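**Q** This is the structure, below, for whatever I ask next.
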Amino acid sequence: MSLFQADELIAALCRENVEFIVIGGVAATVHGLDRYTSDLDVIYRRTPDNIQRVAKAMDPLSPSLRGAPEGLPFRFDAETIVRGLNFTLMSTAGPIDFFATAPAATSYEELVEHSVSIKLCGCDVLVVELDKLIEMKRGAGRVKDFEMIAMLEELKNPLADGGEPAS
Amino acid sequence: MTNIRSSIDDIIDLYRRDVDITLIRENLKLTPEQRLQKLVARAKFTHELHEAGRTMRQTQAAHRNSTKS
C-alpha cells in the first residue's frame, strides 16, 4: 500500500485547478481534530471541464480502483468519471476518494456554500465547515463515526479554544 | 425550534465524556497547514511501522524455516 501523502494529493489537484472540497477525516484534521485518517475524501464538481481537470490531475499518480483485483483494466479518464459518480482510488500518493454526492451534501454546488477557503500546500483549498462536517458525519450514521462526532463537537466548545481554528 | 434528540445523541454524549480536551487545545494552537503536515508525518511514521512489522515477520518466518530444515 502506498504511503498516504495528503499534501501531495491536494497539491496535485491544485496544480490542475480542480474544483473540489475537502471533507472527511482530513477536513476534521484541518479543523483541529487530533486523530489519524488514512485517506483523502473530496467532493468534486461534475462539470465537463472539471471532470477533465480531475482526470489530468490524477493521471501522474497512477490511479487504480482500491480493492479491485490486480490487473483489472481501469482508466481514470474523463469518460470513466462521466459514467460513474463516486470513486475510491489508490494512487502513488495514497488513497483518495472522489465523491459527487455524500450524506447531507447533494452536490459540490450545494456544499460550496458550507465551505471555507484555507491556505494549504501553497494554494487556497475549500474545506467543508465544521458544522456541516458534523452534519455529514451524522448523516452517514456509521458507528465508527460516533467518536469522531463527539470530538468534532468538542472543537466547538469554548473551553477548547485557545488556538487557531480553521473556520 | 425544538432540539430533537435521538439515541445516537446519547451514544455521542458517552464518547464526549472521554474526549481529551488537552489534545484539542494543543492542536488548535497549530495553523491548519501545520495540522495537515502533522497528519502527513503521522502517516509516514505509520507506514514505517507497517514496513518494520512486515520485515520482522519475514525474518521470523525465514528463521523458523531454517531451524526446521
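Residue numbering restarts at 1 in every chain; chains get A, B, ... in the order shown in the C-alpha cells, and ligands count up from 1 in that same order.
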Return as number ranges by chain the residues belonging to chain B that are within 9 Å of chain A, counting only C-alpha atoms.
**A** B: 8-9, 11-17, 19-37, 39-44, 46-47
**Q** Store the residues picked out above in a file with C-alpha atoms, as a PDB file, in the first residue's frame.
**A**
ATOM      1  CA  ILE B   8     -27.382   8.465  18.553  1.00  0.00           C
ATOM      2  CA  ASP B   9     -27.004  11.638  20.663  1.00  0.00           C
ATOM      3  CA  ILE B  11     -24.039   7.455  22.359  1.00  0.00           C
ATOM      4  CA  ILE B  12     -22.171  10.565  21.211  1.00  0.00           C
ATOM      5  CA  ASP B  13     -22.565  12.051  24.708  1.00  0.00           C
ATOM      6  CA  LEU B  14     -20.934   8.926  26.152  1.00  0.00           C
ATOM      7  CA  TYR B  15     -17.965   9.397  23.828  1.00  0.00           C
ATOM      8  CA  ARG B  16     -17.780  13.109  24.695  1.00  0.00           C
ATOM      9  CA  ARG B  17     -17.031  12.242  28.325  1.00  0.00           C
ATOM     10  CA  VAL B  19     -12.565  13.295  24.760  1.00  0.00           C
ATOM     11  CA  ASP B  20      -9.134  14.587  25.792  1.00  0.00           C
ATOM     12  CA  ILE B  21      -9.672  18.331  25.651  1.00  0.00           C
ATOM     13  CA  THR B  22      -5.955  18.995  26.249  1.00  0.00           C
ATOM     14  CA  LEU B  23      -5.076  17.354  22.919  1.00  0.00           C
ATOM     15  CA  ILE B  24      -7.652  19.505  21.164  1.00  0.00           C
ATOM     16  CA  ARG B  25      -6.277  22.646  22.828  1.00  0.00           C
ATOM     17  CA  GLU B  26      -2.730  21.809  21.738  1.00  0.00           C
ATOM     18  CA  ASN B  27      -3.869  21.098  18.197  1.00  0.00           C
ATOM     19  CA  LEU B  28      -5.766  24.366  17.968  1.00  0.00           C
ATOM     20  CA  LYS B  29      -2.502  26.198  18.623  1.00  0.00           C
ATOM     21  CA  LEU B  30      -1.278  24.971  15.237  1.00  0.00           C
ATOM     22  CA  THR B  31      -2.214  26.548  11.922  1.00  0.00           C
ATOM     23  CA  PRO B  32      -4.355  24.473   9.518  1.00  0.00           C
ATOM     24  CA  GLU B  33      -1.238  23.870   7.370  1.00  0.00           C
ATOM     25  CA  GLN B  34       0.707  22.653  10.431  1.00  0.00           C
ATOM     26  CA  ARG B  35      -2.160  20.297  11.310  1.00  0.00           C
ATOM     27  CA  LEU B  36      -2.062  18.868   7.780  1.00  0.00           C
ATOM     28  CA  GLN B  37       1.715  18.408   7.977  1.00  0.00           C
ATOM     29  CA  LEU B  39      -1.087  14.225   9.667  1.00  0.00           C
ATOM     30  CA  VAL B  40       1.399  13.660   6.826  1.00  0.00           C
ATOM     31  CA  ALA B  41       4.201  12.978   9.329  1.00  0.00           C
ATOM     32  CA  ARG B  42       1.945  10.598  11.254  1.00  0.00           C
ATOM     33  CA  ALA B  43       1.098   8.740   8.022  1.00  0.00           C
ATOM     34  CA  LYS B  44       4.815   8.409   7.244  1.00  0.00           C
ATOM     35  CA  THR B  46       2.615   4.587  10.496  1.00  0.00           C
ATOM     36  CA  HIS B  47       3.889   3.429   7.099  1.00  0.00           C
TER      37      HIS B  47
END
**Q** Would you kindly return, as a ChimeraX atom specification, each protein, DNA or RNA residue with an atom no farther than 12 Å from any atom of A:Asp77, considering only C-alpha atoms and excluding same-chain residues fewer than 2 positions away?
**A** /A:48,50-60,62-64,74-75,79-84,87
**Q** List every residue of chain A that DSSP, applied to the backbone of this structure, places in alpha helix (DSSP H), and write the result as an MDAnalysis selection string.
**A** chainID A and resid 6:15 24:31 48:58 78:83 108:111 130:140 146:155
**Q** So that I can see what lies close to A:Leu126, please list as a PyMOL selection string the residues with an atom at most 8 Å from it, counting only C-alpha atoms and leaving out residues fewer than 2 positions away in the same chain.
**A** chain A and resi 20-22+112+115-118+124+128
**Q** Could you go through chain A and tell me which residues DSSP, when run on the backbone, assigns to strand (DSSP E), listing them as a PyMOL selection string?
**A** chain A and resi 20-23+40-44+64-65+87-90+96-99+115-120+123-128
**Q** Go through A:Ala104, A:Ser91, A:Cys123, A:Glu70 and flag the residue nearest A:Met136, using only C-alpha atoms for the distances.
**A**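 Using only C-alpha atoms, A:Met136 sits closest to A:Ala104.
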**Q** Would you mind reading off the distance between atom CA of A:Arg66 and atom CA of A:Gly24, one decimal, in Å?
**A** 17.5 Å
**Q** Atom CA of B:Lys38 and atom CA of A:Ala11 are how many Å apart?
**A** 16.3 Å
**Q** When you draw a straight line from atom CA of A:Pro95 to atom CA of A:Leu40, how long is it in Å?
**A**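 Interatomic distance, atom CA of A:Pro95 to atom CA of A:Leu40: 6.5 Å.
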